[in-house]
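Undergrad: Mind having a look at this structure? Questions to follow.
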Amino acid sequence: MAAASGTILSNMNYQYPKIAEAAELLKARAASLENKADILKAVELRALYGEIATLPVDERANFGKEINTLKAELEQLVAASQNEAEALPPIDITAPFDTNVAADKRPKLLPSEAGSIHPLMQELETVLDIFYRMGFTAIESRELDDEYHMFSSLNFPDGHPARDEFDTFMTVQQDHNGHPLIAPAHTSIMQNRMLRAHADNLAKGEPIAVVIPGRVFRNEDLDARHEHTFYQFEGLYVDKGVNAGNLLATFKTFLSEYYQQDIEIKSQPFYFPFTEPSFELALSCPFCQKKGCNICSQSGWIELLGMGMIHPNVLREGGVDPEVYTGFAWGCGLDRLVMMKYGIEDVRHFESARLDFLRQFV
Ligand code: DAH
């Protein structure tokens with residue numbers, strides 16, 4: 001048989017349209033089958049053999065021969081796929097190099113004991129621990145999102161200029177409204193999700209209290225204070241009778257715990273579409289205790305984050321009645337917070353993979 005002799009039977013010309021048709025169909029199906037051998041059991045192939053008996057006697061031999069050719073063609077497909085499977089040994093997708101590369105040509109890896117947790121992740125643990133003790137839970141943000149969570153759910157009207165403040169990276173994939181999926185520019189994308197998830201608990205007297213850390217992305221001009229990729233942690237607190245004083249006290253307590261010293265705060269009015277009123281918060285420089293240093297540009301104060309009382313439209317969109325409940329939110333940059341703790345002068349060190357930088361935090 002042709003398959004056994006190894007001849008390639010590609011694109012045979014079949015004389016019988018029925019067989020030609022079946023050949024096309026079965027080859028196409030074989031291409032998508034994981035186990036190619038299953039194609040030999042196809043009902044269409046068996047049906048062709050069944051046809052033989054219905055044909056005029058003098059046609060039967062030719063027809064039968066052509067089915068055999070088709071079967072041989074399919075067997076050859078199966079054999080070829082099995083050879084292919086044998087030629088490629090399974091790979092270890094967790095290996096940090098291509099396992100087909102000879103041992104002496106593989107990259108030299110550091111011993112795993114020499115690895116360490118990234119300083120930002122180490123500090124994030126500290127941040128979350130403080131908030132756990134204050135009664136917050138934590139949930140991670142996400143790294144791909146849609147226009148609704150990035151803007152509309154946060155009370156940015158269509159075409160509003162404030163959207164330009166959050167210039168991020170877009171993918172070619174689209175959400176169900178035909179907008180490109182984006183790399184989120186802030187962790188506020190989680191506000192609507194958290195409100196919806198916990199709105200029912202409010203009626204049971206349980207406040208919504210959640211911190212949401214995540215990696216965020218912006219199309220920035222890079223310098224010592226601006227990175228395209230950085231970390232934020234969002235805070236969200238909703239209950240009856242929550243006010244801006246609660247917000248400031250909560251954040252002052254957090255900062256004093258984090259820096260292990262009494263931190264002063266200063267708020268000034270700001271604008272965010274998703275909070276009303278909105279503030280920008282500055283803290284007394286934890287590095288020089290307001291004496292003036294390079295970290296605080298000699299001013300004694302450092303602007304750290306945006307915060308405010310959650311806008312009624314944002315609460316409503318999240319299924320929370322703004323006539324009954326109020327809440328506060330903040331979005332704080334983790335990188336900036338950590339830079340001030342250790343006197344790190346350039347935010348780009350964090351993503352630089354420079355071991356001499358990273359090893360200082362082991
Ligand atoms: N999302 C804002 C930003 O990245 C920060 C922010 C401001 C978050 C006010 C908030 C908020 O939750 O209430 O610039």
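Chains: A, B, ... in order of the structure tokens. Residues: from 1 per chain. Ligands: from 1, in order shown.
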Near region 200-202 of chain A, counting only C-alpha atoms, which residues have an atom at most 9 Å away, once you skip same-chain residues fewer than 6 positions from it, shown as an MDAnalysis selection string?
TA: chainID A and resid 208 238:240 319:320 325
Undergrad: Restrict the selected residues to N, CA and C atoms and save them as an mmCIF file, in the first residue's frame.
TA:
data_model
loop_
_atom_site.group_PDB
_atom_site.id
_atom_site.type_symbol
_atom_site.label_atom_id
_atom_site.label_comp_id
_atom_site.auth_asym_id
_atom_site.auth_seq_id
_atom_site.Cartn_x
_atom_site.Cartn_y
_atom_site.Cartn_z
ATOM 1 N N ILE A 208 -18.327 48.172 53.676
ATOM 2 C CA ILE A 208 -17.381 47.702 52.648
ATOM 3 C C ILE A 208 -16.036 48.305 53.026
ATOM 4 N N VAL A 238 -17.200 52.063 52.657
ATOM 5 C CA VAL A 238 -18.584 52.550 52.506
ATOM 6 C C VAL A 238 -19.424 52.069 53.689
ATOM 7 N N ASP A 239 -20.195 52.975 54.241
ATOM 8 C CA ASP A 239 -21.120 52.619 55.327
ATOM 9 C C ASP A 239 -22.078 53.796 55.507
ATOM 10 N N LYS A 240 -22.944 53.719 56.501
ATOM 11 C CA LYS A 240 -23.797 54.874 56.795
ATOM 12 C C LYS A 240 -22.954 55.906 57.540
ATOM 13 N N GLY A 319 -24.534 49.885 42.543
ATOM 14 C CA GLY A 319 -25.672 49.254 43.235
ATOM 15 C C GLY A 319 -25.810 49.680 44.689
ATOM 16 N N VAL A 320 -25.198 50.805 45.067
ATOM 17 C CA VAL A 320 -25.286 51.302 46.447
ATOM 18 C C VAL A 320 -26.073 52.606 46.439
ATOM 19 N N TYR A 325 -26.042 55.593 51.974
ATOM 20 C CA TYR A 325 -24.648 55.294 52.314
ATOM 21 C C TYR A 325 -23.698 56.334 51.722
#
Undergrad: Env of Asp167 (chain A): 12 Å cut, atoms = only C-alpha atoms, seq-sep filter 5 positions within chain, self excluded. Answer as a PyMOL selection string.
TA: chain A and resi 150-151+161-162+182-186+216-221+228
Undergrad: Set the cut-off to 7 Å, count only C-alpha atoms and all ligand atoms, and list whatever residues fall near ligand 1 as a VMD selection string.
TA: chain A and resid 185 to 188 234 to 235 272 274 to 275 278 305 to 310 328 to 332
Undergrad: I'd like to know which residues of region 127-348 of chain A are strand (DSSP E) (by DSSP, run on the backbone); could you write them as a ChimeraX atom specification?
TA: /A:137-138,170-174,180-182,208-217,229-239,265-272,275-284,301-310,326-333
Undergrad: Pick the closest to Ala85 (chain A) from A:Ser112, A:Asn35, A:Gln174, A:Asn100: which is it, counting only C-alpha atoms?
TA: A:Asn35
